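One structure is given below, encoded as structure tokens.
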Amino acid sequence: MPSTLGEIYSAIRDSINAEDFSAVADKAQSGLKEHPKETELVRIEVVALIKQEKALKALNAILRARNSKAISAHAMGYEAAYCHFTLGNYDDARNELVNVKEGTKANYLLAQIAYKCNQFSECVGIYEKLLSSFENSSQEYKDLLLNLAAARAAQAQHDGMAGSIGEGESIKGNYELTFN
């Protein structure tokens with residue numbers, strides 16, 4: 001039975017309010033069968049699949065939409081990169097991010113990719129750059145400090161310089177930051 005976009009979005013909204021992301025993805029996918037070029041339905045399906053930790057299905061939905069020209073070849077690049085990252089395809093994740101407008105989320109994901117690829121100096125550089133994006137008292141800033149300390153510790157361990165996590169800093173002096 002054909003549905004209007006309004007009916008589809010209303011059903012999706014109800015499922016979102018119920019936090020039933022499986023139903024959200026199913027309704028978006030069903031809506032795409034009737035309205036294959038509706039880009040917002042693609043986005044909804046992909047995000048719902050990511051929220052369910054179904055990275056491969058989300059990535060397949062992005063690729064299917066790109067192939068059908070429902071979205072451009074580089075649309076949803078961040079989401080595709082995140083899916084590749086989750087699946088351990090770090091080179092593919094990095095390649096997707098090449099076409100993504102630089103921003104905090106993209107840089108944060110690049111730092112995570114660098115960390116997973118043992119490219120700790122690159123990771124440290126990205127985290128240091130990101131720190132300037134947040135106020136010192138914000139939770140994001142504190143989280144970035146923790147990630148930066150972990151990256152510096154990993155870099156020190158990787159470089160065989162255990163005990164130093166940054167210029168003039170010692171692990172002992174940053175115990176609270178590093179382990180809490």
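Naming scheme: A, B, ... for chains in displayed order of the structure tokens; residues 1 onward per chain; ligands 1 onward as shown.
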
* Near-Val24 in chain A list (7 Å; only C-alpha atoms; drop same-chain fewer than 6 positions) as a ChimeraX atom specification -> /A:12,15-16,45,48

* Mind checking which residues fall within 6 Å of range 75-82 of chain A, counting only C-alpha atoms, ignoring those fewer than 5 positions away in the same chain, and posting them as a PyMOL selection string? => chain A and resi 59+93+96+100

Hey, what does DSSP flag as strand (DSSP E or B) within chain A? Can you give it to me as a PDB file with C-alpha atoms, in the first residue's frame?
ATOM      1  CA  SER A 164      57.457  10.650  29.482  1.00  0.00           C
ATOM      2  CA  ILE A 165      54.150  11.575  27.910  1.00  0.00           C
ATOM      3  CA  GLY A 166      54.962  15.042  26.742  1.00  0.00           C
ATOM      4  CA  GLU A 169      55.501  16.000  31.732  1.00  0.00           C
ATOM      5  CA  SER A 170      55.795  12.695  33.487  1.00  0.00           C
TER       6      SER A 170
END

Test item, alpha helix (DSSP H) assignment across chain A, answer as a PDB file with C-alpha atoms, in the first residue's frame:
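Written output follows (states_15.pdb):
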ATOM      1  CA  LEU A   5       6.134  10.903   2.707  1.00  0.00           C
ATOM      2  CA  GLY A   6       4.219  12.554   5.527  1.00  0.00           C
ATOM      3  CA  GLU A   7       2.877   9.197   6.697  1.00  0.00           C
ATOM      4  CA  ILE A   8       6.323   7.611   6.471  1.00  0.00           C
ATOM      5  CA  TYR A   9       7.973  10.408   8.447  1.00  0.00           C
ATOM      6  CA  SER A  10       5.188  10.321  11.047  1.00  0.00           C
ATOM      7  CA  ALA A  11       5.713   6.567  11.553  1.00  0.00           C
ATOM      8  CA  ILE A  12       9.480   7.112  11.778  1.00  0.00           C
ATOM      9  CA  ARG A  13       9.001   9.912  14.324  1.00  0.00           C
ATOM     10  CA  ASP A  14       6.844   7.606  16.459  1.00  0.00           C
ATOM     11  CA  SER A  15       9.546   4.922  16.355  1.00  0.00           C
ATOM     12  CA  ILE A  16      12.243   7.457  17.230  1.00  0.00           C
ATOM     13  CA  ASN A  17      10.192   8.653  20.198  1.00  0.00           C
ATOM     14  CA  PHE A  21      15.808   2.123  16.049  1.00  0.00           C
ATOM     15  CA  SER A  22      15.189  -1.226  14.402  1.00  0.00           C
ATOM     16  CA  ALA A  23      11.704  -0.027  13.438  1.00  0.00           C
ATOM     17  CA  VAL A  24      13.149   3.338  12.359  1.00  0.00           C
ATOM     18  CA  ALA A  25      15.552   1.602   9.961  1.00  0.00           C
ATOM     19  CA  ASP A  26      12.833  -0.722   8.663  1.00  0.00           C
ATOM     20  CA  LYS A  27      10.394   2.146   8.040  1.00  0.00           C
ATOM     21  CA  ALA A  28      13.036   4.245   6.318  1.00  0.00           C
ATOM     22  CA  GLN A  29      14.032   1.311   4.127  1.00  0.00           C
ATOM     23  CA  SER A  30      10.403   0.614   3.305  1.00  0.00           C
ATOM     24  CA  GLY A  31       9.878   4.288   2.466  1.00  0.00           C
ATOM     25  CA  LEU A  32      12.881   4.195   0.152  1.00  0.00           C
ATOM     26  CA  LYS A  33      11.186   1.462  -1.880  1.00  0.00           C
ATOM     27  CA  GLU A  34       8.355   3.883  -2.648  1.00  0.00           C
ATOM     28  CA  THR A  39      17.807  11.490   0.659  1.00  0.00           C
ATOM     29  CA  GLU A  40      16.507  12.133   4.161  1.00  0.00           C
ATOM     30  CA  LEU A  41      15.188   8.568   4.341  1.00  0.00           C
ATOM     31  CA  VAL A  42      18.684   7.328   3.456  1.00  0.00           C
ATOM     32  CA  ARG A  43      20.154   9.403   6.288  1.00  0.00           C
ATOM     33  CA  ILE A  44      17.555   8.159   8.739  1.00  0.00           C
ATOM     34  CA  GLU A  45      18.135   4.521   7.795  1.00  0.00           C
ATOM     35  CA  VAL A  46      21.916   4.850   8.097  1.00  0.00           C
ATOM     36  CA  VAL A  47      21.851   6.632  11.458  1.00  0.00           C
ATOM     37  CA  ALA A  48      19.338   4.123  12.838  1.00  0.00           C
ATOM     38  CA  LEU A  49      21.586   1.250  11.752  1.00  0.00           C
ATOM     39  CA  ILE A  50      24.637   2.921  13.305  1.00  0.00           C
ATOM     40  CA  LYS A  51      22.738   3.422  16.565  1.00  0.00           C
ATOM     41  CA  ALA A  55      28.030  -0.789  10.751  1.00  0.00           C
ATOM     42  CA  LEU A  56      28.159  -3.191   7.817  1.00  0.00           C
ATOM     43  CA  LYS A  57      24.440  -2.769   7.088  1.00  0.00           C
ATOM     44  CA  ALA A  58      24.779   1.013   7.407  1.00  0.00           C
ATOM     45  CA  LEU A  59      27.735   1.034   5.038  1.00  0.00           C
ATOM     46  CA  ASN A  60      25.802  -1.124   2.563  1.00  0.00           C
ATOM     47  CA  ALA A  61      22.867   1.310   2.757  1.00  0.00           C
ATOM     48  CA  ILE A  62      25.211   4.220   1.976  1.00  0.00           C
ATOM     49  CA  LEU A  63      26.785   2.367  -0.945  1.00  0.00           C
ATOM     50  CA  ARG A  64      23.372   1.321  -2.264  1.00  0.00           C
ATOM     51  CA  ALA A  65      22.165   4.937  -2.124  1.00  0.00           C
ATOM     52  CA  ARG A  66      25.331   6.192  -3.818  1.00  0.00           C
ATOM     53  CA  ASN A  67      25.049   3.574  -6.572  1.00  0.00           C
ATOM     54  CA  GLY A  77      31.244  10.461   4.024  1.00  0.00           C
ATOM     55  CA  TYR A  78      31.570  10.850   7.778  1.00  0.00           C
ATOM     56  CA  GLU A  79      29.057   8.084   8.420  1.00  0.00           C
ATOM     57  CA  ALA A  80      30.786   5.812   5.889  1.00  0.00           C
ATOM     58  CA  ALA A  81      34.157   6.574   7.504  1.00  0.00           C
ATOM     59  CA  TYR A  82      32.742   5.781  10.948  1.00  0.00           C
ATOM     60  CA  CYS A  83      31.380   2.462   9.663  1.00  0.00           C
ATOM     61  CA  HIS A  84      34.719   1.563   8.087  1.00  0.00           C
ATOM     62  CA  PHE A  85      36.469   2.512  11.345  1.00  0.00           C
ATOM     63  CA  THR A  86      34.094   0.344  13.369  1.00  0.00           C
ATOM     64  CA  TYR A  90      41.171   2.128   8.732  1.00  0.00           C
ATOM     65  CA  ASP A  91      42.514   2.966   5.266  1.00  0.00           C
ATOM     66  CA  ASP A  92      38.981   3.026   3.856  1.00  0.00           C
ATOM     67  CA  ALA A  93      37.864   5.190   6.772  1.00  0.00           C
ATOM     68  CA  ARG A  94      40.681   7.657   6.135  1.00  0.00           C
ATOM     69  CA  ASN A  95      39.858   7.706   2.398  1.00  0.00           C
ATOM     70  CA  GLU A  96      36.225   8.551   3.122  1.00  0.00           C
ATOM     71  CA  LEU A  97      37.291  11.434   5.346  1.00  0.00           C
ATOM     72  CA  THR A 104      35.635  18.490  15.032  1.00  0.00           C
ATOM     73  CA  LYS A 105      33.935  15.127  14.405  1.00  0.00           C
ATOM     74  CA  ALA A 106      36.044  14.352  11.358  1.00  0.00           C
ATOM     75  CA  ASN A 107      39.274  15.338  13.120  1.00  0.00           C
ATOM     76  CA  TYR A 108      38.351  13.310  16.185  1.00  0.00           C
ATOM     77  CA  LEU A 109      37.773  10.257  13.988  1.00  0.00           C
ATOM     78  CA  LEU A 110      41.080  10.905  12.186  1.00  0.00           C
ATOM     79  CA  ALA A 111      42.820  10.921  15.567  1.00  0.00           C
ATOM     80  CA  GLN A 112      41.200   7.608  16.471  1.00  0.00           C
ATOM     81  CA  ILE A 113      42.259   6.126  13.132  1.00  0.00           C
ATOM     82  CA  ALA A 114      45.822   7.358  13.630  1.00  0.00           C
ATOM     83  CA  TYR A 115      45.860   5.811  17.113  1.00  0.00           C
ATOM     84  CA  LYS A 116      44.610   2.445  15.854  1.00  0.00           C
ATOM     85  CA  PHE A 120      50.822   8.269  17.564  1.00  0.00           C
ATOM     86  CA  SER A 121      52.581  11.520  16.643  1.00  0.00           C
ATOM     87  CA  GLU A 122      49.831  12.267  14.105  1.00  0.00           C
ATOM     88  CA  CYS A 123      47.237  11.361  16.723  1.00  0.00           C
ATOM     89  CA  VAL A 124      48.851  13.654  19.328  1.00  0.00           C
ATOM     90  CA  GLY A 125      48.950  16.512  16.802  1.00  0.00           C
ATOM     91  CA  ILE A 126      45.262  16.139  15.992  1.00  0.00           C
ATOM     92  CA  TYR A 127      44.251  15.997  19.666  1.00  0.00           C
ATOM     93  CA  GLU A 128      46.366  19.072  20.429  1.00  0.00           C
ATOM     94  CA  LYS A 129      44.656  20.921  17.573  1.00  0.00           C
ATOM     95  CA  LEU A 130      41.223  19.793  18.791  1.00  0.00           C
ATOM     96  CA  LEU A 131      41.893  21.061  22.327  1.00  0.00           C
ATOM     97  CA  GLN A 139      33.640  17.870  29.364  1.00  0.00           C
ATOM     98  CA  GLU A 140      34.829  17.587  25.754  1.00  0.00           C
ATOM     99  CA  TYR A 141      38.089  19.320  26.715  1.00  0.00           C
ATOM    100  CA  LYS A 142      38.594  16.941  29.646  1.00  0.00           C
ATOM    101  CA  ASP A 143      37.881  13.935  27.420  1.00  0.00           C
ATOM    102  CA  LEU A 144      40.362  15.202  24.836  1.00  0.00           C
ATOM    103  CA  LEU A 145      43.009  15.679  27.546  1.00  0.00           C
ATOM    104  CA  LEU A 146      42.525  12.073  28.556  1.00  0.00           C
ATOM    105  CA  ASN A 147      42.790  10.898  24.952  1.00  0.00           C
ATOM    106  CA  LEU A 148      45.855  13.082  24.438  1.00  0.00           C
ATOM    107  CA  ALA A 149      47.513  11.608  27.530  1.00  0.00           C
ATOM    108  CA  ALA A 150      46.756   8.095  26.289  1.00  0.00           C
ATOM    109  CA  ALA A 151      48.151   8.902  22.842  1.00  0.00           C
ATOM    110  CA  ARG A 152      51.295  10.407  24.353  1.00  0.00           C
ATOM    111  CA  ALA A 153      51.737   7.394  26.618  1.00  0.00           C
ATOM    112  CA  ALA A 154      51.292   5.041  23.659  1.00  0.00           C
ATOM    113  CA  GLN A 155      53.744   7.105  21.646  1.00  0.00           C
ATOM    114  CA  ALA A 156      56.270   6.992  24.490  1.00  0.00           C
ATOM    115  CA  GLN A 157      55.847   3.249  24.844  1.00  0.00           C
ATOM    116  CA  HIS A 158      56.078   2.790  21.086  1.00  0.00           C
ATOM    117  CA  TYR A 175      48.425   9.881  37.267  1.00  0.00           C
ATOM    118  CA  GLU A 176      45.004  11.312  38.019  1.00  0.00           C
ATOM    119  CA  LEU A 177      44.451  12.423  34.437  1.00  0.00           C
ATOM    120  CA  THR A 178      45.765   9.212  32.916  1.00  0.00           C
ATOM    121  CA  PHE A 179      44.041   6.675  35.115  1.00  0.00           C
TER     122      PHE A 179
END

* So how many Å separate CA of Ser72 in chain A and CA of Asn89 in chain A, to one decimal? ->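 Separation between CA of Ser72 in chain A and CA of Asn89 in chain A: 21.8 Å.
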
* To do: To one decimal in Å, tell me the separation between CA of His74 in chain A and CA of Gln119 in chain A.
  =>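 Computed distance, CA of His74 in chain A to CA of Gln119 in chain A, equals 25.7 Å.
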
* Kindly give the distance, in Å, that separates CA of Asp159 in chain A and CA of Ser133 in chain A, rounded to a single decimal. =>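 Distance between the two atoms: 28.4 Å.
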